[in-house]
$ cat structure30.cif   # mmCIF, N, CA and C atoms
data_entry
loop_
_atom_site.label_atom_id
_atom_site.label_comp_id
_atom_site.auth_asym_id
_atom_site.auth_seq_id
_atom_site.Cartn_x
_atom_site.Cartn_y
_atom_site.Cartn_z
N MET A 1 -17.24 -45.67 7.62
CA MET A 1 -15.95 -45.09 7.30
C MET A 1 -14.91 -45.74 8.21
N ASN A 2 -13.76 -46.00 7.65
CA ASN A 2 -12.73 -46.64 8.46
C ASN A 2 -12.03 -45.62 9.36
N ARG A 3 -11.16 -46.15 10.19
CA ARG A 3 -10.47 -45.33 11.18
C ARG A 3 -9.65 -44.21 10.53
N MET A 4 -8.98 -44.48 9.44
CA MET A 4 -8.16 -43.50 8.74
C MET A 4 -9.02 -42.37 8.20
N GLY A 5 -10.19 -42.70 7.69
CA GLY A 5 -11.12 -41.70 7.16
C GLY A 5 -11.60 -40.74 8.23
N TRP A 6 -11.91 -41.27 9.43
CA TRP A 6 -12.37 -40.43 10.53
C TRP A 6 -11.26 -39.50 11.01
N ARG A 7 -10.06 -40.00 11.01
CA ARG A 7 -8.93 -39.16 11.42
C ARG A 7 -8.75 -38.00 10.44
N GLY A 8 -8.89 -38.29 9.17
CA GLY A 8 -8.77 -37.23 8.16
C GLY A 8 -9.85 -36.17 8.32
N VAL A 9 -11.08 -36.62 8.58
CA VAL A 9 -12.18 -35.69 8.80
C VAL A 9 -11.91 -34.85 10.05
N ALA A 10 -11.45 -35.48 11.11
CA ALA A 10 -11.17 -34.77 12.36
C ALA A 10 -10.09 -33.72 12.16
N VAL A 11 -9.05 -34.06 11.42
CA VAL A 11 -7.97 -33.11 11.15
C VAL A 11 -8.50 -31.92 10.35
N CYS A 12 -9.31 -32.18 9.33
CA CYS A 12 -9.88 -31.11 8.51
C CYS A 12 -10.76 -30.19 9.35
N VAL A 13 -11.59 -30.75 10.20
CA VAL A 13 -12.47 -29.95 11.06
C VAL A 13 -11.62 -29.10 12.01
N ALA A 14 -10.58 -29.67 12.57
CA ALA A 14 -9.70 -28.91 13.47
C ALA A 14 -9.02 -27.76 12.74
N LEU A 15 -8.53 -28.00 11.54
CA LEU A 15 -7.88 -26.95 10.77
C LEU A 15 -8.85 -25.83 10.41
N ILE A 16 -10.05 -26.19 10.00
CA ILE A 16 -11.05 -25.18 9.67
C ILE A 16 -11.39 -24.36 10.91
N GLY A 17 -11.50 -25.01 12.05
CA GLY A 17 -11.78 -24.31 13.30
C GLY A 17 -10.67 -23.35 13.68
N MET A 18 -9.43 -23.78 13.50
CA MET A 18 -8.30 -22.91 13.84
C MET A 18 -8.24 -21.70 12.91
N ILE A 19 -8.47 -21.90 11.63
CA ILE A 19 -8.44 -20.81 10.66
C ILE A 19 -9.58 -19.83 10.95
N GLY A 20 -10.75 -20.34 11.19
CA GLY A 20 -11.91 -19.50 11.44
C GLY A 20 -11.82 -18.72 12.75
N CYS A 21 -11.16 -19.27 13.74
CA CYS A 21 -11.08 -18.63 15.05
C CYS A 21 -9.76 -17.89 15.26
N ARG A 22 -8.97 -17.82 14.23
CA ARG A 22 -7.66 -17.21 14.36
C ARG A 22 -7.80 -15.77 14.84
N GLY A 23 -7.03 -15.43 15.84
CA GLY A 23 -7.06 -14.08 16.37
C GLY A 23 -6.08 -13.21 15.62
N GLY A 24 -6.05 -11.96 15.99
CA GLY A 24 -5.12 -11.04 15.36
C GLY A 24 -3.76 -11.11 16.02
N GLY A 25 -2.93 -10.18 15.64
CA GLY A 25 -1.60 -10.09 16.21
C GLY A 25 -1.58 -9.10 17.35
N GLN A 26 -0.47 -9.06 18.03
CA GLN A 26 -0.29 -8.10 19.11
C GLN A 26 -0.29 -6.69 18.53
N VAL A 27 -0.76 -5.73 19.30
CA VAL A 27 -0.75 -4.34 18.86
C VAL A 27 0.71 -3.89 18.79
N TYR A 28 1.14 -3.53 17.59
CA TYR A 28 2.52 -3.12 17.35
C TYR A 28 2.63 -1.62 17.59
N GLN A 29 3.61 -1.21 18.39
CA GLN A 29 3.82 0.19 18.67
C GLN A 29 5.31 0.51 18.56
N VAL A 30 5.59 1.72 18.16
CA VAL A 30 6.96 2.22 18.11
C VAL A 30 7.09 3.18 19.28
N LYS A 31 8.07 2.96 20.14
CA LYS A 31 8.23 3.81 21.31
C LYS A 31 9.61 4.43 21.34
N ASP A 32 9.63 5.75 21.40
CA ASP A 32 10.87 6.53 21.55
C ASP A 32 11.93 6.20 20.50
N ALA A 33 11.52 6.14 19.24
CA ALA A 33 12.47 5.93 18.15
C ALA A 33 13.29 7.21 18.00
N PRO A 34 14.59 7.10 17.87
CA PRO A 34 15.41 8.31 17.77
C PRO A 34 15.23 9.01 16.43
N VAL A 35 15.29 10.32 16.45
CA VAL A 35 15.30 11.13 15.22
C VAL A 35 16.75 11.17 14.76
N VAL A 36 17.02 10.51 13.64
CA VAL A 36 18.39 10.40 13.14
C VAL A 36 18.45 10.92 11.71
N THR A 37 19.40 11.82 11.47
CA THR A 37 19.62 12.32 10.11
C THR A 37 20.93 11.74 9.59
N ALA A 38 21.06 11.67 8.27
CA ALA A 38 22.27 11.13 7.66
C ALA A 38 23.48 12.00 8.00
N SER A 39 23.26 13.31 8.12
CA SER A 39 24.36 14.22 8.42
C SER A 39 24.71 14.25 9.90
N GLY A 40 23.80 13.72 10.73
CA GLY A 40 24.02 13.75 12.18
C GLY A 40 23.60 15.05 12.82
N LYS A 41 23.11 15.99 12.02
CA LYS A 41 22.69 17.28 12.55
C LYS A 41 21.30 17.16 13.18
N ALA A 42 21.08 17.93 14.23
CA ALA A 42 19.79 17.92 14.91
C ALA A 42 18.75 18.68 14.10
N LEU A 43 17.51 18.24 14.20
CA LEU A 43 16.39 18.91 13.56
C LEU A 43 15.57 19.66 14.61
N SER A 44 14.87 20.69 14.18
CA SER A 44 13.97 21.40 15.09
C SER A 44 12.66 20.61 15.22
N MET A 45 11.87 20.97 16.20
CA MET A 45 10.55 20.34 16.37
C MET A 45 9.72 20.55 15.11
N ASP A 46 9.78 21.75 14.54
CA ASP A 46 9.01 22.05 13.34
C ASP A 46 9.44 21.16 12.17
N GLN A 47 10.74 20.96 12.01
CA GLN A 47 11.24 20.10 10.94
C GLN A 47 10.79 18.65 11.14
N VAL A 48 10.86 18.17 12.37
CA VAL A 48 10.43 16.80 12.67
C VAL A 48 8.94 16.65 12.33
N ARG A 49 8.13 17.64 12.74
CA ARG A 49 6.69 17.60 12.44
C ARG A 49 6.45 17.54 10.94
N LYS A 50 7.11 18.41 10.19
CA LYS A 50 6.91 18.44 8.74
C LYS A 50 7.32 17.13 8.09
N GLU A 51 8.42 16.52 8.52
CA GLU A 51 8.89 15.27 7.92
C GLU A 51 7.96 14.10 8.26
N ILE A 52 7.47 14.06 9.50
CA ILE A 52 6.54 12.98 9.88
C ILE A 52 5.25 13.10 9.08
N ILE A 53 4.73 14.31 8.95
CA ILE A 53 3.50 14.50 8.18
C ILE A 53 3.72 14.10 6.72
N ALA A 54 4.82 14.55 6.13
CA ALA A 54 5.10 14.22 4.72
C ALA A 54 5.25 12.71 4.54
N ALA A 55 5.91 12.06 5.46
CA ALA A 55 6.09 10.60 5.38
C ALA A 55 4.75 9.89 5.48
N GLY A 56 3.91 10.31 6.40
CA GLY A 56 2.59 9.69 6.56
C GLY A 56 1.73 9.85 5.33
N VAL A 57 1.69 11.06 4.78
CA VAL A 57 0.89 11.31 3.58
C VAL A 57 1.40 10.45 2.42
N ALA A 58 2.72 10.37 2.26
CA ALA A 58 3.30 9.56 1.19
C ALA A 58 2.95 8.08 1.35
N ALA A 59 2.76 7.64 2.60
CA ALA A 59 2.43 6.24 2.87
C ALA A 59 0.92 5.99 2.87
N GLY A 60 0.12 7.02 2.54
CA GLY A 60 -1.32 6.83 2.43
C GLY A 60 -2.13 7.18 3.67
N TRP A 61 -1.51 7.78 4.65
CA TRP A 61 -2.18 8.17 5.89
C TRP A 61 -2.69 9.60 5.78
N GLN A 62 -3.77 9.90 6.48
CA GLN A 62 -4.23 11.27 6.65
C GLN A 62 -3.60 11.75 7.95
N MET A 63 -2.90 12.87 7.88
CA MET A 63 -2.16 13.34 9.05
C MET A 63 -2.72 14.69 9.51
N ALA A 64 -2.83 14.85 10.83
CA ALA A 64 -3.29 16.11 11.43
C ALA A 64 -2.41 16.39 12.65
N ALA A 65 -2.16 17.66 12.90
CA ALA A 65 -1.35 18.06 14.05
C ALA A 65 -2.23 18.88 14.99
N PRO A 66 -2.95 18.21 15.91
CA PRO A 66 -3.90 18.92 16.77
C PRO A 66 -3.23 19.84 17.79
N LYS A 67 -1.97 19.55 18.13
CA LYS A 67 -1.25 20.39 19.09
C LYS A 67 0.25 20.18 18.89
N PRO A 68 1.06 21.11 19.37
CA PRO A 68 2.51 20.94 19.24
C PRO A 68 2.97 19.66 19.93
N GLY A 69 3.82 18.92 19.24
CA GLY A 69 4.36 17.69 19.83
C GLY A 69 3.51 16.45 19.60
N GLU A 70 2.41 16.59 18.86
CA GLU A 70 1.58 15.42 18.57
C GLU A 70 0.98 15.50 17.18
N ILE A 71 1.02 14.37 16.49
CA ILE A 71 0.39 14.21 15.20
C ILE A 71 -0.56 13.02 15.33
N VAL A 72 -1.72 13.12 14.69
CA VAL A 72 -2.66 12.00 14.66
C VAL A 72 -2.74 11.53 13.22
N GLY A 73 -2.48 10.24 13.02
CA GLY A 73 -2.53 9.65 11.69
C GLY A 73 -3.72 8.71 11.58
N THR A 74 -4.41 8.78 10.44
CA THR A 74 -5.56 7.92 10.18
C THR A 74 -5.36 7.21 8.86
N LEU A 75 -5.49 5.90 8.88
CA LEU A 75 -5.38 5.09 7.67
C LEU A 75 -6.70 4.39 7.42
N ASN A 76 -7.24 4.57 6.22
CA ASN A 76 -8.48 3.90 5.81
C ASN A 76 -8.14 2.90 4.72
N VAL A 77 -8.41 1.62 4.99
CA VAL A 77 -8.18 0.55 4.02
C VAL A 77 -9.49 -0.22 3.89
N ARG A 78 -10.13 -0.09 2.73
CA ARG A 78 -11.45 -0.69 2.49
C ARG A 78 -12.39 -0.29 3.63
N SER A 79 -12.87 -1.24 4.40
CA SER A 79 -13.80 -0.94 5.49
C SER A 79 -13.08 -0.82 6.84
N HIS A 80 -11.77 -0.84 6.83
CA HIS A 80 -10.99 -0.78 8.07
C HIS A 80 -10.43 0.63 8.29
N GLN A 81 -10.29 0.99 9.56
CA GLN A 81 -9.68 2.27 9.89
C GLN A 81 -8.78 2.11 11.11
N ALA A 82 -7.56 2.63 11.00
CA ALA A 82 -6.62 2.65 12.12
C ALA A 82 -6.27 4.10 12.41
N VAL A 83 -6.23 4.44 13.69
CA VAL A 83 -5.87 5.79 14.11
C VAL A 83 -4.73 5.67 15.12
N VAL A 84 -3.66 6.43 14.87
CA VAL A 84 -2.50 6.40 15.77
C VAL A 84 -2.17 7.80 16.25
N SER A 85 -1.58 7.87 17.41
CA SER A 85 -1.03 9.10 17.95
C SER A 85 0.47 9.04 17.75
N ILE A 86 1.05 10.13 17.29
CA ILE A 86 2.50 10.17 17.07
C ILE A 86 3.07 11.34 17.87
N PRO A 87 3.37 11.10 19.16
CA PRO A 87 4.02 12.16 19.92
C PRO A 87 5.49 12.26 19.48
N TYR A 88 6.01 13.48 19.44
CA TYR A 88 7.38 13.65 18.96
C TYR A 88 8.06 14.82 19.66
N THR A 89 9.37 14.76 19.67
CA THR A 89 10.23 15.86 20.10
C THR A 89 11.28 16.02 19.01
N ALA A 90 12.24 16.89 19.23
CA ALA A 90 13.33 17.05 18.27
C ALA A 90 14.26 15.83 18.30
N LYS A 91 14.16 15.00 19.33
CA LYS A 91 15.07 13.87 19.49
C LYS A 91 14.44 12.49 19.27
N SER A 92 13.11 12.38 19.41
CA SER A 92 12.47 11.06 19.26
C SER A 92 11.00 11.20 18.89
N TYR A 93 10.43 10.05 18.48
CA TYR A 93 9.00 9.98 18.17
C TYR A 93 8.51 8.59 18.53
N SER A 94 7.21 8.48 18.70
CA SER A 94 6.56 7.19 18.96
C SER A 94 5.36 7.08 18.02
N ILE A 95 4.92 5.86 17.77
CA ILE A 95 3.69 5.61 17.03
C ILE A 95 2.85 4.70 17.92
N LEU A 96 1.77 5.25 18.47
CA LEU A 96 0.97 4.55 19.48
C LEU A 96 -0.47 4.35 19.00
N TYR A 97 -1.01 3.18 19.26
CA TYR A 97 -2.41 2.89 18.93
C TYR A 97 -3.30 3.91 19.63
N LYS A 98 -4.26 4.45 18.90
CA LYS A 98 -5.22 5.37 19.49
C LYS A 98 -6.65 4.85 19.37
N ASP A 99 -7.02 4.38 18.16
CA ASP A 99 -8.39 3.93 17.93
C ASP A 99 -8.42 3.13 16.64
N SER A 100 -9.51 2.42 16.42
CA SER A 100 -9.68 1.68 15.17
C SER A 100 -11.14 1.32 15.00
N SER A 101 -11.47 0.96 13.77
CA SER A 101 -12.80 0.41 13.53
C SER A 101 -12.66 -0.74 12.55
N ASN A 102 -13.39 -1.78 12.83
CA ASN A 102 -13.43 -2.98 12.00
C ASN A 102 -12.07 -3.68 11.92
N LEU A 103 -11.30 -3.61 13.00
CA LEU A 103 -9.98 -4.28 13.04
C LEU A 103 -9.89 -5.31 14.16
N LYS A 104 -11.01 -5.69 14.75
CA LYS A 104 -11.05 -6.72 15.79
C LYS A 104 -10.13 -6.40 16.97
N TYR A 105 -10.06 -5.13 17.36
CA TYR A 105 -9.20 -4.73 18.48
C TYR A 105 -9.74 -5.30 19.78
N ASP A 106 -8.87 -5.94 20.55
CA ASP A 106 -9.22 -6.49 21.86
C ASP A 106 -8.32 -5.81 22.88
N GLU A 107 -8.90 -4.87 23.61
CA GLU A 107 -8.11 -4.08 24.56
C GLU A 107 -7.48 -4.96 25.64
N ALA A 108 -8.22 -5.90 26.17
CA ALA A 108 -7.71 -6.74 27.25
C ALA A 108 -6.53 -7.59 26.79
N ALA A 109 -6.64 -8.18 25.62
CA ALA A 109 -5.57 -9.04 25.11
C ALA A 109 -4.51 -8.26 24.32
N GLN A 110 -4.80 -6.98 24.04
CA GLN A 110 -3.92 -6.14 23.22
C GLN A 110 -3.63 -6.78 21.87
N THR A 111 -4.71 -7.26 21.21
CA THR A 111 -4.58 -7.85 19.88
C THR A 111 -5.42 -7.04 18.90
N ILE A 112 -5.07 -7.16 17.63
CA ILE A 112 -5.73 -6.42 16.58
C ILE A 112 -5.54 -7.19 15.27
N HIS A 113 -6.21 -6.77 14.23
CA HIS A 113 -6.11 -7.39 12.90
C HIS A 113 -4.64 -7.60 12.53
N GLU A 114 -4.37 -8.73 11.92
CA GLU A 114 -2.98 -9.10 11.62
C GLU A 114 -2.28 -8.13 10.67
N ASN A 115 -3.00 -7.34 9.88
CA ASN A 115 -2.36 -6.39 8.97
C ASN A 115 -1.91 -5.10 9.66
N TYR A 116 -2.41 -4.84 10.84
CA TYR A 116 -2.09 -3.59 11.55
C TYR A 116 -0.58 -3.42 11.73
N ALA A 117 0.10 -4.45 12.13
CA ALA A 117 1.55 -4.35 12.38
C ALA A 117 2.29 -3.92 11.11
N SER A 118 1.92 -4.48 9.96
CA SER A 118 2.62 -4.10 8.73
C SER A 118 2.32 -2.66 8.35
N TRP A 119 1.12 -2.17 8.63
CA TRP A 119 0.81 -0.76 8.34
C TRP A 119 1.68 0.16 9.19
N ILE A 120 1.85 -0.19 10.47
CA ILE A 120 2.66 0.65 11.37
C ILE A 120 4.13 0.55 10.99
N GLN A 121 4.59 -0.64 10.66
CA GLN A 121 5.99 -0.80 10.24
C GLN A 121 6.27 -0.01 8.97
N ARG A 122 5.33 -0.01 8.04
CA ARG A 122 5.49 0.77 6.80
C ARG A 122 5.53 2.26 7.10
N LEU A 123 4.65 2.73 8.00
CA LEU A 123 4.65 4.14 8.40
C LEU A 123 5.97 4.50 9.08
N ASP A 124 6.42 3.66 9.98
CA ASP A 124 7.68 3.89 10.68
C ASP A 124 8.85 3.96 9.69
N GLY A 125 8.88 3.06 8.74
CA GLY A 125 9.94 3.07 7.72
C GLY A 125 9.92 4.34 6.91
N ALA A 126 8.72 4.81 6.55
CA ALA A 126 8.61 6.06 5.79
C ALA A 126 9.10 7.24 6.62
N ILE A 127 8.76 7.26 7.90
CA ILE A 127 9.21 8.34 8.78
C ILE A 127 10.74 8.31 8.91
N ARG A 128 11.30 7.15 9.17
CA ARG A 128 12.76 7.04 9.31
C ARG A 128 13.47 7.50 8.03
N SER A 129 12.91 7.11 6.90
CA SER A 129 13.51 7.49 5.62
C SER A 129 13.48 9.00 5.43
N ARG A 130 12.34 9.63 5.69
CA ARG A 130 12.23 11.08 5.54
C ARG A 130 13.15 11.81 6.50
N LEU A 131 13.20 11.36 7.74
CA LEU A 131 14.05 12.03 8.73
C LEU A 131 15.53 11.90 8.36
N SER A 132 15.91 10.76 7.82
CA SER A 132 17.33 10.53 7.54
C SER A 132 17.85 11.47 6.45
N VAL A 133 16.99 11.89 5.53
CA VAL A 133 17.46 12.77 4.45
C VAL A 133 17.08 14.23 4.70
N ALA A 134 16.44 14.51 5.82
CA ALA A 134 16.07 15.90 6.15
C ALA A 134 17.34 16.69 6.44
N ASP A 135 17.31 17.92 6.01
CA ASP A 135 18.43 18.79 6.34
C ASP A 135 17.91 19.97 7.15
N ASN A 136 18.80 20.58 7.83
CA ASN A 136 18.37 21.73 8.63
C ASN A 136 19.04 22.93 8.08
#
$ encode --input "structure30.cif" --output "structure tokens"
Amino acid sequence: MNRMGWRGVAVCVALIGMIGCRGGGQVYQVKDAPVVTASGKALSMDQVRKEIIAAGVAAGWQMAAPKPGEIVGTLNVRSHQAVVSIPYTAKSYSILYKDSSNLKYDEAAQTIHENYASWIQRLDGAIRSRLSVADN
């Protein structure tokens, strides 16, 4: 094989290696997002809890409220599972990684399956949308 042929083979092998060894993305988290309504009126803790749960369920998450001020969301996609903690007050909420299975989570590097960020962004968007139209 000539020199050009070997270069082509080397490039193909390198690309296959990079694709096969590709890591996940950084763990995406929402921290202290403000609770904002379209009217500007404040919501109670109970209203915030109800809107976050409704938003999560609408986005395909299983939502549970184990204690006041915290919601746990679980998303099952095929063989993957993501679990988040959603601490909240009447003024803000966060979406924090809690656990996962089959998502290649690396605690030391803080990386996870590349789809995780879009799932959290979609959940956050649903929460923001529900809160913005909530009335008190």
$ residues_around --input "structure30.cif" --residues "stretch 52-56 of chain A" --least-positions-apart "4" --cutoff "7 Å" --atoms "all atoms listed in the file" --output "number ranges by chain"
A: 47-48, 60-64, 123, 126-127, 130-131
$ select_by_dssp --input "structure30.cif" --residues "stretch 52-126 of chain A" --states "helix (DSSP H, G or I)" --output "PyMOL selection string"
chain A and resi 52-58+116-126
$ closest_residue --input "structure30.cif" --among "A:Asp46, A:Glu51, A:Glu70, A:Asp106" --to "A:Arg128" --atoms "only N, CA and C atoms"
A:Glu51
$ residues_around --input "structure30.cif" --residues "stretch 94-104 of chain A" --least-positions-apart "6" --cutoff "8 Å" --atoms "all atoms listed in the file" --output "list in words"
Gly24, Val27, Tyr28, Gln29, Val30, Lys31, Asp32, Ala33, Pro34, Ser79, His80, Gln81, Ala82, Val83, Val84, Ser85, Ile86, Pro87, Tyr88, Thr111, Ile112, His113, Glu114, Tyr116, Ile120 and Asp124 of chain A
$ write_last_selection --input "structure30.cif" --atoms "N, CA and C atoms" --output "PDB file, keeping the file's coordinate frame"
ATOM      1  N   GLY A  24      -6.050 -11.960  15.990  1.00  0.00           N
ATOM      2  CA  GLY A  24      -5.120 -11.040  15.360  1.00  0.00           C
ATOM      3  C   GLY A  24      -3.760 -11.110  16.020  1.00  0.00           C
ATOM      4  N   VAL A  27      -0.760  -5.730  19.300  1.00  0.00           N
ATOM      5  CA  VAL A  27      -0.750  -4.340  18.860  1.00  0.00           C
ATOM      6  C   VAL A  27       0.710  -3.890  18.790  1.00  0.00           C
ATOM      7  N   TYR A  28       1.140  -3.530  17.590  1.00  0.00           N
ATOM      8  CA  TYR A  28       2.520  -3.120  17.350  1.00  0.00           C
ATOM      9  C   TYR A  28       2.630  -1.620  17.590  1.00  0.00           C
ATOM     10  N   GLN A  29       3.610  -1.210  18.390  1.00  0.00           N
ATOM     11  CA  GLN A  29       3.820   0.190  18.670  1.00  0.00           C
ATOM     12  C   GLN A  29       5.310   0.510  18.560  1.00  0.00           C
ATOM     13  N   VAL A  30       5.590   1.720  18.160  1.00  0.00           N
ATOM     14  CA  VAL A  30       6.960   2.220  18.110  1.00  0.00           C
ATOM     15  C   VAL A  30       7.090   3.180  19.280  1.00  0.00           C
ATOM     16  N   LYS A  31       8.070   2.960  20.140  1.00  0.00           N
ATOM     17  CA  LYS A  31       8.230   3.810  21.310  1.00  0.00           C
ATOM     18  C   LYS A  31       9.610   4.430  21.340  1.00  0.00           C
ATOM     19  N   ASP A  32       9.630   5.750  21.400  1.00  0.00           N
ATOM     20  CA  ASP A  32      10.870   6.530  21.550  1.00  0.00           C
ATOM     21  C   ASP A  32      11.930   6.200  20.500  1.00  0.00           C
ATOM     22  N   ALA A  33      11.520   6.140  19.240  1.00  0.00           N
ATOM     23  CA  ALA A  33      12.470   5.930  18.150  1.00  0.00           C
ATOM     24  C   ALA A  33      13.290   7.210  18.000  1.00  0.00           C
ATOM     25  N   PRO A  34      14.590   7.100  17.870  1.00  0.00           N
ATOM     26  CA  PRO A  34      15.410   8.310  17.770  1.00  0.00           C
ATOM     27  C   PRO A  34      15.230   9.010  16.430  1.00  0.00           C
ATOM     28  N   SER A  79     -12.870  -1.240   4.400  1.00  0.00           N
ATOM     29  CA  SER A  79     -13.800  -0.940   5.490  1.00  0.00           C
ATOM     30  C   SER A  79     -13.080  -0.820   6.840  1.00  0.00           C
ATOM     31  N   HIS A  80     -11.770  -0.840   6.830  1.00  0.00           N
ATOM     32  CA  HIS A  80     -10.990  -0.780   8.070  1.00  0.00           C
ATOM     33  C   HIS A  80     -10.430   0.630   8.290  1.00  0.00           C
ATOM     34  N   GLN A  81     -10.290   0.990   9.560  1.00  0.00           N
ATOM     35  CA  GLN A  81      -9.680   2.270   9.890  1.00  0.00           C
ATOM     36  C   GLN A  81      -8.780   2.110  11.110  1.00  0.00           C
ATOM     37  N   ALA A  82      -7.560   2.630  11.000  1.00  0.00           N
ATOM     38  CA  ALA A  82      -6.620   2.650  12.120  1.00  0.00           C
ATOM     39  C   ALA A  82      -6.270   4.100  12.410  1.00  0.00           C
ATOM     40  N   VAL A  83      -6.230   4.440  13.690  1.00  0.00           N
ATOM     41  CA  VAL A  83      -5.870   5.790  14.110  1.00  0.00           C
ATOM     42  C   VAL A  83      -4.730   5.670  15.120  1.00  0.00           C
ATOM     43  N   VAL A  84      -3.660   6.430  14.870  1.00  0.00           N
ATOM     44  CA  VAL A  84      -2.500   6.400  15.770  1.00  0.00           C
ATOM     45  C   VAL A  84      -2.170   7.800  16.250  1.00  0.00           C
ATOM     46  N   SER A  85      -1.580   7.870  17.410  1.00  0.00           N
ATOM     47  CA  SER A  85      -1.030   9.100  17.950  1.00  0.00           C
ATOM     48  C   SER A  85       0.470   9.040  17.750  1.00  0.00           C
ATOM     49  N   ILE A  86       1.050  10.130  17.290  1.00  0.00           N
ATOM     50  CA  ILE A  86       2.500  10.170  17.070  1.00  0.00           C
ATOM     51  C   ILE A  86       3.070  11.340  17.870  1.00  0.00           C
ATOM     52  N   PRO A  87       3.370  11.100  19.160  1.00  0.00           N
ATOM     53  CA  PRO A  87       4.020  12.160  19.920  1.00  0.00           C
ATOM     54  C   PRO A  87       5.490  12.260  19.480  1.00  0.00           C
ATOM     55  N   TYR A  88       6.010  13.480  19.440  1.00  0.00           N
ATOM     56  CA  TYR A  88       7.380  13.650  18.960  1.00  0.00           C
ATOM     57  C   TYR A  88       8.060  14.820  19.660  1.00  0.00           C
ATOM     58  N   THR A 111      -4.710  -7.260  21.210  1.00  0.00           N
ATOM     59  CA  THR A 111      -4.580  -7.850  19.880  1.00  0.00           C
ATOM     60  C   THR A 111      -5.420  -7.040  18.900  1.00  0.00           C
ATOM     61  N   ILE A 112      -5.070  -7.160  17.630  1.00  0.00           N
ATOM     62  CA  ILE A 112      -5.730  -6.420  16.580  1.00  0.00           C
ATOM     63  C   ILE A 112      -5.540  -7.190  15.270  1.00  0.00           C
ATOM     64  N   HIS A 113      -6.210  -6.770  14.230  1.00  0.00           N
ATOM     65  CA  HIS A 113      -6.110  -7.390  12.900  1.00  0.00           C
ATOM     66  C   HIS A 113      -4.640  -7.600  12.530  1.00  0.00           C
ATOM     67  N   GLU A 114      -4.370  -8.730  11.920  1.00  0.00           N
ATOM     68  CA  GLU A 114      -2.980  -9.100  11.620  1.00  0.00           C
ATOM     69  C   GLU A 114      -2.280  -8.130  10.670  1.00  0.00           C
ATOM     70  N   TYR A 116      -2.410  -4.840  10.840  1.00  0.00           N
ATOM     71  CA  TYR A 116      -2.090  -3.590  11.550  1.00  0.00           C
ATOM     72  C   TYR A 116      -0.580  -3.420  11.730  1.00  0.00           C
ATOM     73  N   ILE A 120       1.850  -0.190  10.470  1.00  0.00           N
ATOM     74  CA  ILE A 120       2.660   0.650  11.370  1.00  0.00           C
ATOM     75  C   ILE A 120       4.130   0.550  10.990  1.00  0.00           C
ATOM     76  N   ASP A 124       6.420   3.660   9.980  1.00  0.00           N
ATOM     77  CA  ASP A 124       7.680   3.890  10.680  1.00  0.00           C
ATOM     78  C   ASP A 124       8.850   3.960   9.690  1.00  0.00           C
TER      79      ASP A 124
END
$ atom_distance --input "structure30.cif" --atom1 "atom N of A:Arg49" --atom2 "atom C of A:Thr74"
17.5 Å
